$ cat input-v1.json   # JSON, C-alpha atoms
[["chain", "number", "residue", "atom", "x", "y", "z"],
["A", 1, "MET", "CA", -20.94, 314.02, -15.35],
["A", 2, "LYS", "CA", -20.87, 317.79, -15.64],
["A", 3, "THR", "CA", -18.08, 320.05, -14.52],
["A", 4, "SER", "CA", -19.34, 322.87, -12.35],
["A", 5, "ASN", "CA", -17.67, 326.25, -11.98],
["A", 6, "LEU", "CA", -18.10, 328.05, -8.70],
["A", 7, "LYS", "CA", -19.20, 331.68, -8.73],
["A", 8, "SER", "CA", -17.82, 334.17, -6.22],
["A", 9, "THR", "CA", -21.30, 334.62, -4.71],
["A", 10, "GLU", "CA", -21.56, 330.87, -4.00],
["A", 11, "VAL", "CA", -18.33, 330.69, -1.99],
["A", 12, "GLU", "CA", -18.58, 329.78, 1.70],
["A", 13, "LYS", "CA", -15.38, 330.69, 3.51],
["A", 14, "LYS", "CA", -14.37, 329.04, 6.76],
["A", 15, "TRP", "CA", -11.93, 330.40, 9.35],
["A", 16, "ILE", "CA", -9.15, 328.10, 10.52],
["A", 17, "VAL", "CA", -6.35, 328.49, 13.08],
["A", 18, "VAL", "CA", -2.98, 326.78, 12.66],
["A", 19, "ASP", "CA", -0.42, 326.70, 15.48],
["A", 20, "ALA", "CA", 3.06, 327.10, 14.01],
["A", 21, "GLN", "CA", 5.04, 326.29, 17.14],
["A", 22, "ASP", "CA", 7.84, 323.83, 16.23],
["A", 23, "ALA", "CA", 6.37, 323.42, 12.71],
["A", 24, "VAL", "CA", 8.65, 323.10, 9.68],
["A", 25, "VAL", "CA", 8.32, 326.30, 7.63],
["A", 26, "GLY", "CA", 8.10, 324.81, 4.13],
["A", 27, "ARG", "CA", 5.53, 322.17, 5.06],
["A", 28, "LEU", "CA", 3.47, 324.74, 6.96],
["A", 29, "ALA", "CA", 3.58, 327.21, 4.05],
["A", 30, "SER", "CA", 2.55, 324.51, 1.59],
["A", 31, "PHE", "CA", -0.43, 323.52, 3.75],
["A", 32, "VAL", "CA", -1.54, 327.14, 4.25],
["A", 33, "ALA", "CA", -1.16, 328.02, 0.55],
["A", 34, "LYS", "CA", -3.31, 325.04, -0.40],
["A", 35, "ARG", "CA", -6.02, 326.15, 2.05],
["A", 36, "LEU", "CA", -5.87, 329.78, 0.85],
["A", 37, "ARG", "CA", -6.35, 328.74, -2.77],
["A", 38, "GLY", "CA", -9.15, 326.30, -1.95],
["A", 39, "LYS", "CA", -7.45, 323.30, -3.54],
["A", 40, "HIS", "CA", -8.60, 321.08, -0.66],
["A", 41, "LEU", "CA", -12.24, 321.53, -1.74],
["A", 42, "PRO", "CA", -14.07, 319.47, -4.38],
["A", 43, "THR", "CA", -15.55, 322.75, -5.69],
["A", 44, "TYR", "CA", -12.12, 324.29, -6.43],
["A", 45, "THR", "CA", -12.26, 326.80, -9.27],
["A", 46, "PRO", "CA", -8.93, 328.27, -10.46],
["A", 47, "HIS", "CA", -10.21, 331.78, -11.23],
["A", 48, "VAL", "CA", -12.27, 332.30, -8.03],
["A", 49, "ASP", "CA", -11.07, 333.02, -4.50],
["A", 50, "CYS", "CA", -12.72, 329.99, -2.89],
["A", 51, "GLY", "CA", -10.18, 329.30, -0.14],
["A", 52, "ASP", "CA", -10.45, 329.67, 3.61],
["A", 53, "ASN", "CA", -9.37, 332.48, 5.91],
["A", 54, "VAL", "CA", -6.26, 331.21, 7.71],
["A", 55, "ILE", "CA", -4.87, 332.45, 11.03],
["A", 56, "VAL", "CA", -1.32, 331.35, 11.88],
["A", 57, "ILE", "CA", -0.25, 331.80, 15.51],
["A", 58, "ASN", "CA", 3.19, 331.39, 17.16],
["A", 59, "ALA", "CA", 4.94, 332.26, 13.89],
["A", 60, "ASP", "CA", 8.07, 333.28, 15.80],
["A", 61, "LYS", "CA", 8.57, 329.67, 16.97],
["A", 62, "VAL", "CA", 8.80, 327.97, 13.55],
["A", 63, "LYS", "CA", 11.67, 325.62, 12.74],
["A", 64, "PHE", "CA", 13.88, 325.07, 9.71],
["A", 65, "THR", "CA", 15.39, 321.72, 8.79],
["A", 66, "GLY", "CA", 19.11, 321.23, 8.38],
["A", 67, "LYS", "CA", 21.27, 324.36, 8.39],
["A", 68, "LYS", "CA", 18.69, 326.56, 6.62],
["A", 69, "LEU", "CA", 18.33, 328.82, 9.66],
["A", 70, "THR", "CA", 21.85, 330.16, 9.18],
["A", 71, "ASP", "CA", 22.68, 329.30, 5.55],
["A", 72, "LYS", "CA", 19.47, 330.29, 3.70],
["A", 73, "LYS", "CA", 19.40, 333.86, 2.45],
["A", 74, "TYR", "CA", 16.51, 336.11, 1.47],
["A", 75, "TYR", "CA", 17.50, 338.64, -1.22],
["A", 76, "TRP", "CA", 15.94, 341.93, -2.29],
["A", 77, "HIS", "CA", 17.08, 344.91, -4.32],
["A", 78, "THR", "CA", 16.73, 348.54, -3.30],
["A", 79, "GLY", "CA", 16.57, 349.82, -6.88],
["A", 80, "PHE", "CA", 19.92, 351.58, -6.68],
["A", 81, "PRO", "CA", 23.10, 350.33, -8.40],
["A", 82, "GLY", "CA", 24.76, 347.73, -6.19],
["A", 83, "GLY", "CA", 21.73, 347.73, -3.92],
["A", 84, "ILE", "CA", 21.26, 343.99, -3.46],
["A", 85, "LYS", "CA", 20.66, 343.09, 0.17],
["A", 86, "GLU", "CA", 20.40, 339.79, 1.98],
["A", 87, "ARG", "CA", 19.20, 338.54, 5.35],
["A", 88, "THR", "CA", 19.06, 335.11, 6.99],
["A", 89, "PRO", "CA", 15.94, 333.62, 8.61],
["A", 90, "GLU", "CA", 17.78, 333.68, 11.95],
["A", 91, "LYS", "CA", 18.01, 337.49, 11.81],
["A", 92, "ILE", "CA", 14.39, 337.89, 10.72],
["A", 93, "LEU", "CA", 13.06, 335.57, 13.45],
["A", 94, "GLY", "CA", 15.13, 337.43, 16.03],
["A", 95, "GLY", "CA", 14.04, 340.83, 14.76],
["A", 96, "LYS", "CA", 11.00, 343.07, 15.09],
["A", 97, "PHE", "CA", 8.71, 341.23, 12.62],
["A", 98, "PRO", "CA", 9.33, 337.44, 12.93],
["A", 99, "GLU", "CA", 5.99, 336.63, 11.28],
["A", 100, "ARG", "CA", 7.38, 337.75, 7.91],
["A", 101, "VAL", "CA", 9.19, 334.43, 7.47],
["A", 102, "VAL", "CA", 5.90, 332.52, 7.33],
["A", 103, "LYS", "CA", 4.07, 335.20, 5.34],
["A", 104, "LYS", "CA", 6.77, 335.34, 2.64],
["A", 105, "ALA", "CA", 6.97, 331.55, 2.44],
["A", 106, "VAL", "CA", 3.22, 331.35, 1.81],
["A", 107, "GLN", "CA", 3.28, 334.29, -0.62],
["A", 108, "ARG", "CA", 5.95, 332.60, -2.71],
["A", 109, "MET", "CA", 3.79, 329.45, -2.99],
["A", 110, "LEU", "CA", 0.81, 331.34, -4.42],
["A", 111, "PRO", "CA", 0.52, 332.29, -8.10],
["A", 112, "LYS", "CA", 2.86, 335.12, -8.99],
["A", 113, "GLU", "CA", 1.76, 338.78, -8.99],
["A", 114, "SER", "CA", -1.87, 338.55, -9.96],
["A", 115, "PRO", "CA", -4.93, 340.24, -8.49],
["A", 116, "LEU", "CA", -6.27, 336.83, -7.43],
["A", 117, "ALA", "CA", -3.04, 335.96, -5.60],
["A", 118, "ARG", "CA", -3.14, 339.30, -3.75],
["A", 119, "GLN", "CA", -6.76, 338.69, -2.78],
["A", 120, "GLN", "CA", -5.96, 335.18, -1.55],
["A", 121, "LEU", "CA", -2.97, 336.44, 0.44],
["A", 122, "SER", "CA", -5.20, 339.01, 2.14],
["A", 123, "ASN", "CA", -7.09, 336.05, 3.67],
["A", 124, "LEU", "CA", -3.95, 335.13, 5.64],
["A", 125, "ARG", "CA", -3.31, 336.54, 9.11],
["A", 126, "VAL", "CA", 0.02, 335.74, 10.78],
["A", 127, "TYR", "CA", 0.75, 336.52, 14.44],
["A", 128, "ALA", "CA", 4.04, 336.11, 16.29],
["A", 129, "GLY", "CA", 2.38, 335.25, 19.62],
["A", 130, "ALA", "CA", -0.34, 332.85, 20.71],
["A", 131, "GLU", "CA", -3.08, 335.50, 20.79],
["A", 132, "HIS", "CA", -5.20, 336.65, 17.85],
["A", 133, "PRO", "CA", -8.15, 339.10, 17.62],
["A", 134, "HIS", "CA", -10.40, 336.85, 15.50],
["A", 135, "GLU", "CA", -12.32, 334.95, 18.19],
["A", 136, "ALA", "CA", -15.61, 336.45, 16.96],
["A", 137, "GLN", "CA", -15.31, 334.44, 13.71],
["A", 138, "SER", "CA", -15.18, 331.21, 15.81],
["A", 139, "PRO", "CA", -12.31, 329.66, 13.82],
["A", 140, "GLU", "CA", -11.78, 325.93, 13.62],
["A", 141, "VAL", "CA", -8.48, 324.76, 15.12],
["A", 142, "ILE", "CA", -6.48, 322.43, 12.86],
["A", 143, "ASP", "CA", -3.72, 320.32, 14.40],
["A", 144, "PHE", "CA", -1.15, 320.62, 11.62],
["A", 145, "LYS", "CA", 1.63, 318.78, 13.49],
["A", 146, "ALA", "CA", -0.52, 315.67, 14.06],
["A", 147, "MET", "CA", -1.15, 315.21, 10.32],
["A", 148, "ASN", "CA", 2.37, 313.89, 9.71],
["A", 149, "SER", "CA", 5.34, 313.28, 11.97],
["A", 150, "LYS", "CA", 7.59, 315.23, 9.58],
["A", 151, "ASN", "CA", 5.52, 318.42, 10.06],
["A", 152, "SER", "CA", 7.20, 319.27, 13.37],
["A", 153, "ARG", "CA", 10.70, 319.54, 14.80],
["A", 154, "SER", "CA", 11.40, 319.48, 18.52],
["A", 155, "LYS", "CA", 15.00, 320.74, 18.59]]

$ encode --input "input-v1.json" --output "C-alpha coordinates"
Amino acid sequence: MKTSNLKSTEVEKKWIVVDAQDAVVGRLASFVAKRLRGKHLPTYTPHVDCGDNVIVINADKVKFTGKKLTDKKYYWHTGFPGGIKERTPEKILGGKFPERVVKKAVQRMLPKESPLARQQLSNLRVYAGAEHPHEAQSPEVIDFKAMNSKNSRSK
(Lines of atoms letter the chains of each structure in order from A and count residues from 1; the text may use other names and numbers.)
(Lines give C-alpha, C1' and ligand atoms only; values in the text may rest on other atoms or scores of the structure.)
Protein backbone atom coordinates (compact mmCIF):
# COMPACT_ATOMS: atom_id res chain seq x y z
CA MET A 1 0.00 0.00 0.00
CA LYS A 2 1.35 3.40 -0.97
CA THR A 3 1.10 6.55 1.07
CA SER A 4 -0.26 9.43 -0.96
CA ASN A 5 0.45 13.10 -0.30
CA LEU A 6 -2.20 15.58 -1.27
CA LYS A 7 -1.20 18.61 -3.33
CA SER A 8 -2.81 22.00 -2.74
CA THR A 9 -4.36 21.91 -6.23
CA GLU A 10 -6.12 18.60 -5.46
CA VAL A 11 -7.88 19.89 -2.34
CA GLU A 12 -11.68 20.06 -2.40
CA LYS A 13 -12.96 22.29 0.39
CA LYS A 14 -16.48 21.98 1.76
CA TRP A 15 -18.41 24.64 3.68
CA ILE A 16 -20.01 23.62 6.97
CA VAL A 17 -22.17 25.47 9.50
CA VAL A 18 -22.04 24.69 13.22
CA ASP A 19 -24.60 26.12 15.65
CA ALA A 20 -22.85 27.00 18.91
CA GLN A 21 -25.96 27.70 20.98
CA ASP A 22 -25.62 25.93 24.36
CA ALA A 23 -22.46 24.14 23.13
CA VAL A 24 -19.50 23.58 25.46
CA VAL A 25 -16.65 25.84 24.30
CA GLY A 26 -13.74 23.39 24.57
CA ARG A 27 -15.54 20.54 22.81
CA LEU A 28 -16.76 22.90 20.08
CA ALA A 29 -13.27 24.35 19.56
CA SER A 30 -11.74 20.88 19.36
CA PHE A 31 -14.28 19.79 16.73
CA VAL A 32 -13.80 22.97 14.66
CA ALA A 33 -9.99 22.81 14.85
CA LYS A 34 -10.06 19.21 13.62
CA ARG A 35 -12.26 20.22 10.66
CA LEU A 36 -10.07 23.24 9.83
CA ARG A 37 -6.93 21.11 9.72
CA GLY A 38 -8.58 18.35 7.69
CA LYS A 39 -7.81 15.58 10.18
CA HIS A 40 -11.27 14.08 9.63
CA LEU A 41 -10.34 13.20 6.03
CA PRO A 42 -8.51 10.04 4.89
CA THR A 43 -6.42 12.28 2.59
CA TYR A 44 -5.06 14.40 5.48
CA THR A 45 -1.64 15.84 4.69
CA PRO A 46 0.12 17.75 7.51
CA HIS A 47 1.78 20.40 5.33
CA VAL A 48 -1.26 21.24 3.15
CA ASP A 49 -4.36 23.26 4.04
CA CYS A 50 -6.87 20.50 3.26
CA GLY A 51 -9.53 21.35 5.83
CA ASP A 52 -13.04 22.71 5.41
CA ASN A 53 -14.37 26.24 5.63
CA VAL A 54 -16.25 26.44 8.94
CA ILE A 55 -18.99 28.92 9.87
CA VAL A 56 -19.89 29.10 13.56
CA ILE A 57 -23.17 30.87 14.40
CA ASN A 58 -24.64 31.89 17.79
CA ALA A 59 -21.16 32.21 19.30
CA ASP A 60 -22.50 34.55 21.98
CA LYS A 61 -24.61 31.71 23.44
CA VAL A 62 -21.80 29.22 24.19
CA LYS A 63 -21.52 27.60 27.61
CA PHE A 64 -18.64 26.81 29.95
CA THR A 65 -18.62 23.86 32.34
CA GLY A 66 -18.12 24.30 36.06
CA LYS A 67 -17.11 27.76 37.26
CA LYS A 68 -14.96 28.58 34.22
CA LEU A 69 -17.24 31.43 33.18
CA THR A 70 -16.18 33.47 36.21
CA ASP A 71 -12.90 31.85 37.32
CA LYS A 72 -11.05 31.36 33.99
CA LYS A 73 -8.84 34.26 32.96
CA TYR A 74 -7.45 35.26 29.58
CA TYR A 75 -4.10 37.07 29.88
CA TRP A 76 -2.24 39.36 27.49
CA HIS A 77 0.62 41.81 27.80
CA THR A 78 0.66 45.35 26.45
CA GLY A 79 4.43 45.44 26.00
CA PHE A 80 4.96 48.01 28.73
CA PRO A 81 6.44 47.22 32.17
CA GLY A 82 3.70 45.92 34.44
CA GLY A 83 1.34 45.77 31.49
CA ILE A 84 -0.19 42.34 32.06
CA LYS A 85 -3.96 42.40 31.66
CA GLU A 86 -6.65 39.83 32.29
CA ARG A 87 -10.30 39.34 31.42
CA THR A 88 -12.86 36.63 32.20
CA PRO A 89 -15.03 34.89 29.59
CA GLU A 90 -18.09 36.41 31.28
CA LYS A 91 -16.86 39.93 30.45
CA ILE A 92 -15.93 39.01 26.88
CA LEU A 93 -19.29 37.31 26.19
CA GLY A 94 -21.10 40.32 27.62
CA GLY A 95 -18.98 42.78 25.65
CA LYS A 96 -18.85 44.12 22.12
CA PHE A 97 -17.15 41.09 20.47
CA PRO A 98 -18.50 37.88 22.10
CA GLU A 99 -17.35 35.75 19.14
CA ARG A 100 -13.72 36.18 20.23
CA VAL A 101 -14.13 33.48 22.90
CA VAL A 102 -14.75 30.81 20.27
CA LYS A 103 -12.20 32.20 17.80
CA LYS A 104 -9.40 32.27 20.41
CA ALA A 105 -10.28 28.78 21.66
CA VAL A 106 -9.97 27.41 18.12
CA GLN A 107 -6.81 29.42 17.41
CA ARG A 108 -5.12 27.98 20.47
CA MET A 109 -5.88 24.42 19.28
CA LEU A 110 -4.17 24.94 15.92
CA PRO A 111 -0.39 24.66 15.44
CA LYS A 112 1.42 27.64 16.92
CA GLU A 113 2.38 30.70 14.86
CA SER A 114 3.02 29.23 11.45
CA PRO A 115 1.90 30.39 8.02
CA LEU A 116 -0.17 27.20 7.65
CA ALA A 117 -1.97 27.80 10.96
CA ARG A 118 -2.80 31.38 9.92
CA GLN A 119 -4.13 30.13 6.58
CA GLN A 120 -6.25 27.48 8.30
CA LEU A 121 -7.60 30.01 10.79
CA SER A 122 -8.64 32.27 7.91
CA ASN A 123 -11.07 29.48 6.88
CA LEU A 124 -13.02 30.06 10.12
CA ARG A 125 -15.89 32.54 10.28
CA VAL A 126 -17.50 33.18 13.66
CA TYR A 127 -20.74 35.16 14.08
CA ALA A 128 -22.42 36.20 17.32
CA GLY A 129 -25.95 35.94 15.90
CA ALA A 130 -27.85 33.32 13.94
CA GLU A 131 -27.34 35.03 10.56
CA HIS A 132 -24.34 34.67 8.26
CA PRO A 133 -23.61 36.05 4.76
CA HIS A 134 -22.37 32.76 3.25
CA GLU A 135 -25.60 31.29 1.88
CA ALA A 136 -24.20 31.42 -1.67
CA GLN A 137 -21.65 28.71 -0.77
CA SER A 138 -24.56 26.39 0.21
CA PRO A 139 -22.92 25.16 3.43
CA GLU A 140 -23.76 21.82 4.97
CA VAL A 141 -25.32 22.07 8.45
CA ILE A 142 -23.69 19.81 11.05
CA ASP A 143 -25.58 19.06 14.26
CA PHE A 144 -22.68 19.22 16.70
CA LYS A 145 -24.82 18.82 19.84
CA ALA A 146 -26.38 15.56 18.62
CA MET A 147 -22.97 13.88 18.21
CA ASN A 148 -22.54 13.44 21.97
CA SER A 149 -24.69 14.33 24.95
CA LYS A 150 -21.71 16.04 26.62
CA ASN A 151 -21.39 18.55 23.74
CA SER A 152 -24.21 20.74 25.06
CA ARG A 153 -25.28 22.35 28.32
CA SER A 154 -28.81 23.56 28.94
CA LYS A 155 -28.29 25.71 32.06

$ closest_residue --input "input-v1.json" --among "A:Ala117, A:Met109, A:Val102, A:Ile16" --to "Val141 in chain A" --atoms "all atoms listed in the file"
A:Ile16

$ closest_residue --input "input-v1.json" --among "A:Glu86, A:Asp19, A:Lys34, A:Glu12" --to "Asp143 in chain A" --atoms "all atoms listed in the file"
A:Asp19

$ closest_residue --input "input-v1.json" --among "A:Met147, A:Val48, A:Ala128, A:Ala59" --to "Pro115 in chain A" --atoms "all atoms listed in the file"
A:Val48

$ decode --input "input-v1.json" --residues "range 15-58 of chain A" --atoms "N, CA and C atoms" --output "PDB file, in the first residue's frame"
ATOM      1  N   TRP A  15     -17.969  23.617   2.731  1.00  0.00           N
ATOM      2  CA  TRP A  15     -18.411  24.640   3.679  1.00  0.00           C
ATOM      3  C   TRP A  15     -19.356  23.973   4.663  1.00  0.00           C
ATOM      4  N   ILE A  16     -19.113  24.178   5.954  1.00  0.00           N
ATOM      5  CA  ILE A  16     -20.010  23.618   6.965  1.00  0.00           C
ATOM      6  C   ILE A  16     -20.444  24.715   7.932  1.00  0.00           C
ATOM      7  N   VAL A  17     -21.633  24.551   8.499  1.00  0.00           N
ATOM      8  CA  VAL A  17     -22.173  25.473   9.499  1.00  0.00           C
ATOM      9  C   VAL A  17     -22.353  24.706  10.790  1.00  0.00           C
ATOM     10  N   VAL A  18     -21.886  25.294  11.900  1.00  0.00           N
ATOM     11  CA  VAL A  18     -22.042  24.692  13.217  1.00  0.00           C
ATOM     12  C   VAL A  18     -22.764  25.692  14.105  1.00  0.00           C
ATOM     13  N   ASP A  19     -23.856  25.257  14.729  1.00  0.00           N
ATOM     14  CA  ASP A  19     -24.597  26.120  15.647  1.00  0.00           C
ATOM     15  C   ASP A  19     -24.007  25.954  17.042  1.00  0.00           C
ATOM     16  N   ALA A  20     -23.544  27.066  17.625  1.00  0.00           N
ATOM     17  CA  ALA A  20     -22.855  27.002  18.914  1.00  0.00           C
ATOM     18  C   ALA A  20     -23.766  27.291  20.099  1.00  0.00           C
ATOM     19  N   GLN A  21     -25.054  27.401  19.877  1.00  0.00           N
ATOM     20  CA  GLN A  21     -25.963  27.704  20.980  1.00  0.00           C
ATOM     21  C   GLN A  21     -25.973  26.557  21.981  1.00  0.00           C
ATOM     22  N   ASP A  22     -25.693  26.876  23.239  1.00  0.00           N
ATOM     23  CA  ASP A  22     -25.615  25.931  24.364  1.00  0.00           C
ATOM     24  C   ASP A  22     -24.529  24.876  24.196  1.00  0.00           C
ATOM     25  N   ALA A  23     -23.556  25.085  23.311  1.00  0.00           N
ATOM     26  CA  ALA A  23     -22.457  24.137  23.128  1.00  0.00           C
ATOM     27  C   ALA A  23     -21.335  24.445  24.107  1.00  0.00           C
ATOM     28  N   VAL A  24     -20.641  23.412  24.563  1.00  0.00           N
ATOM     29  CA  VAL A  24     -19.503  23.579  25.464  1.00  0.00           C
ATOM     30  C   VAL A  24     -18.311  24.065  24.637  1.00  0.00           C
ATOM     31  N   VAL A  25     -17.665  25.142  25.091  1.00  0.00           N
ATOM     32  CA  VAL A  25     -16.647  25.837  24.301  1.00  0.00           C
ATOM     33  C   VAL A  25     -15.474  24.938  23.916  1.00  0.00           C
ATOM     34  N   GLY A  26     -14.909  24.205  24.853  1.00  0.00           N
ATOM     35  CA  GLY A  26     -13.738  23.391  24.568  1.00  0.00           C
ATOM     36  C   GLY A  26     -14.027  22.279  23.583  1.00  0.00           C
ATOM     37  N   ARG A  27     -15.168  21.619  23.722  1.00  0.00           N
ATOM     38  CA  ARG A  27     -15.544  20.543  22.809  1.00  0.00           C
ATOM     39  C   ARG A  27     -15.829  21.091  21.410  1.00  0.00           C
ATOM     40  N   LEU A  28     -16.475  22.258  21.363  1.00  0.00           N
ATOM     41  CA  LEU A  28     -16.757  22.900  20.081  1.00  0.00           C
ATOM     42  C   LEU A  28     -15.461  23.303  19.387  1.00  0.00           C
ATOM     43  N   ALA A  29     -14.538  23.906  20.131  1.00  0.00           N
ATOM     44  CA  ALA A  29     -13.266  24.354  19.558  1.00  0.00           C
ATOM     45  C   ALA A  29     -12.447  23.174  19.056  1.00  0.00           C
ATOM     46  N   SER A  30     -12.467  22.074  19.779  1.00  0.00           N
ATOM     47  CA  SER A  30     -11.739  20.882  19.362  1.00  0.00           C
ATOM     48  C   SER A  30     -12.307  20.328  18.054  1.00  0.00           C
ATOM     49  N   PHE A  31     -13.623  20.284  17.945  1.00  0.00           N
ATOM     50  CA  PHE A  31     -14.279  19.795  16.731  1.00  0.00           C
ATOM     51  C   PHE A  31     -13.963  20.696  15.540  1.00  0.00           C
ATOM     52  N   VAL A  32     -14.046  22.017  15.748  1.00  0.00           N
ATOM     53  CA  VAL A  32     -13.800  22.967  14.661  1.00  0.00           C
ATOM     54  C   VAL A  32     -12.334  22.940  14.232  1.00  0.00           C
ATOM     55  N   ALA A  33     -11.412  22.854  15.177  1.00  0.00           N
ATOM     56  CA  ALA A  33      -9.988  22.807  14.846  1.00  0.00           C
ATOM     57  C   ALA A  33      -9.659  21.560  14.028  1.00  0.00           C
ATOM     58  N   LYS A  34     -10.272  20.452  14.373  1.00  0.00           N
ATOM     59  CA  LYS A  34     -10.058  19.211  13.623  1.00  0.00           C
ATOM     60  C   LYS A  34     -10.558  19.358  12.188  1.00  0.00           C
ATOM     61  N   ARG A  35     -11.714  20.003  11.998  1.00  0.00           N
ATOM     62  CA  ARG A  35     -12.263  20.216  10.662  1.00  0.00           C
ATOM     63  C   ARG A  35     -11.420  21.211   9.866  1.00  0.00           C
ATOM     64  N   LEU A  36     -10.900  22.255  10.534  1.00  0.00           N
ATOM     65  CA  LEU A  36     -10.071  23.241   9.832  1.00  0.00           C
ATOM     66  C   LEU A  36      -8.767  22.626   9.335  1.00  0.00           C
ATOM     67  N   ARG A  37      -8.189  21.743  10.112  1.00  0.00           N
ATOM     68  CA  ARG A  37      -6.929  21.105   9.722  1.00  0.00           C
ATOM     69  C   ARG A  37      -7.122  20.011   8.695  1.00  0.00           C
ATOM     70  N   GLY A  38      -8.320  19.420   8.638  1.00  0.00           N
ATOM     71  CA  GLY A  38      -8.585  18.349   7.690  1.00  0.00           C
ATOM     72  C   GLY A  38      -8.283  16.982   8.250  1.00  0.00           C
ATOM     73  N   LYS A  39      -8.171  16.864   9.570  1.00  0.00           N
ATOM     74  CA  LYS A  39      -7.812  15.584  10.180  1.00  0.00           C
ATOM     75  C   LYS A  39      -8.951  14.570  10.138  1.00  0.00           C
ATOM     76  N   HIS A  40     -10.142  14.999   9.748  1.00  0.00           N
ATOM     77  CA  HIS A  40     -11.267  14.079   9.634  1.00  0.00           C
ATOM     78  C   HIS A  40     -11.272  13.364   8.279  1.00  0.00           C
ATOM     79  N   LEU A  41     -10.390  13.761   7.375  1.00  0.00           N
ATOM     80  CA  LEU A  41     -10.338  13.198   6.029  1.00  0.00           C
ATOM     81  C   LEU A  41      -9.293  12.087   5.915  1.00  0.00           C
ATOM     82  N   PRO A  42      -9.535  11.078   5.098  1.00  0.00           N
ATOM     83  CA  PRO A  42      -8.513  10.044   4.890  1.00  0.00           C
ATOM     84  C   PRO A  42      -7.333  10.561   4.073  1.00  0.00           C
ATOM     85  N   THR A  43      -7.492  11.699   3.399  1.00  0.00           N
ATOM     86  CA  THR A  43      -6.420  12.278   2.586  1.00  0.00           C
ATOM     87  C   THR A  43      -5.662  13.360   3.340  1.00  0.00           C
ATOM     88  N   TYR A  44      -5.725  13.363   4.671  1.00  0.00           N
ATOM     89  CA  TYR A  44      -5.058  14.396   5.478  1.00  0.00           C
ATOM     90  C   TYR A  44      -3.558  14.427   5.177  1.00  0.00           C
ATOM     91  N   THR A  45      -3.062  15.622   4.914  1.00  0.00           N
ATOM     92  CA  THR A  45      -1.638  15.844   4.693  1.00  0.00           C
ATOM     93  C   THR A  45      -1.210  16.970   5.624  1.00  0.00           C
ATOM     94  N   PRO A  46      -0.220  16.759   6.490  1.00  0.00           N
ATOM     95  CA  PRO A  46       0.124  17.747   7.513  1.00  0.00           C
ATOM     96  C   PRO A  46       0.599  19.095   6.981  1.00  0.00           C
ATOM     97  N   HIS A  47       1.209  19.142   5.803  1.00  0.00           N
ATOM     98  CA  HIS A  47       1.784  20.398   5.330  1.00  0.00           C
ATOM     99  C   HIS A  47       0.908  21.110   4.296  1.00  0.00           C
ATOM    100  N   VAL A  48      -0.349  20.643   4.123  1.00  0.00           N
ATOM    101  CA  VAL A  48      -1.265  21.244   3.148  1.00  0.00           C
ATOM    102  C   VAL A  48      -2.543  21.653   3.872  1.00  0.00           C
ATOM    103  N   ASP A  49      -3.083  22.803   3.490  1.00  0.00           N
ATOM    104  CA  ASP A  49      -4.360  23.258   4.040  1.00  0.00           C
ATOM    105  C   ASP A  49      -5.471  22.494   3.334  1.00  0.00           C
ATOM    106  N   CYS A  50      -5.870  21.354   3.892  1.00  0.00           N
ATOM    107  CA  CYS A  50      -6.866  20.503   3.255  1.00  0.00           C
ATOM    108  C   CYS A  50      -8.166  20.447   4.042  1.00  0.00           C
ATOM    109  N   GLY A  51      -8.344  21.345   5.007  1.00  0.00           N
ATOM    110  CA  GLY A  51      -9.534  21.350   5.834  1.00  0.00           C
ATOM    111  C   GLY A  51     -10.701  22.065   5.189  1.00  0.00           C
ATOM    112  N   ASP A  52     -11.817  22.079   5.894  1.00  0.00           N
ATOM    113  CA  ASP A  52     -13.037  22.706   5.406  1.00  0.00           C
ATOM    114  C   ASP A  52     -13.105  24.169   5.816  1.00  0.00           C
ATOM    115  N   ASN A  53     -14.023  24.898   5.188  1.00  0.00           N
ATOM    116  CA  ASN A  53     -14.369  26.242   5.628  1.00  0.00           C
ATOM    117  C   ASN A  53     -15.490  26.090   6.645  1.00  0.00           C
ATOM    118  N   VAL A  54     -15.308  26.637   7.841  1.00  0.00           N
ATOM    119  CA  VAL A  54     -16.251  26.436   8.936  1.00  0.00           C
ATOM    120  C   VAL A  54     -16.894  27.766   9.305  1.00  0.00           C
ATOM    121  N   ILE A  55     -18.222  27.756   9.423  1.00  0.00           N
ATOM    122  CA  ILE A  55     -18.986  28.917   9.866  1.00  0.00           C
ATOM    123  C   ILE A  55     -19.600  28.551  11.215  1.00  0.00           C
ATOM    124  N   VAL A  56     -19.320  29.334  12.242  1.00  0.00           N
ATOM    125  CA  VAL A  56     -19.893  29.103  13.565  1.00  0.00           C
ATOM    126  C   VAL A  56     -20.888  30.228  13.828  1.00  0.00           C
ATOM    127  N   ILE A  57     -22.144  29.859  14.098  1.00  0.00           N
ATOM    128  CA  ILE A  57     -23.167  30.868  14.404  1.00  0.00           C
ATOM    129  C   ILE A  57     -23.582  30.752  15.872  1.00  0.00           C
ATOM    130  N   ASN A  58     -24.205  31.794  16.392  1.00  0.00           N
ATOM    131  CA  ASN A  58     -24.643  31.888  17.792  1.00  0.00           C
ATOM    132  C   ASN A  58     -23.476  31.729  18.757  1.00  0.00           C
TER     133      ASN A  58
END
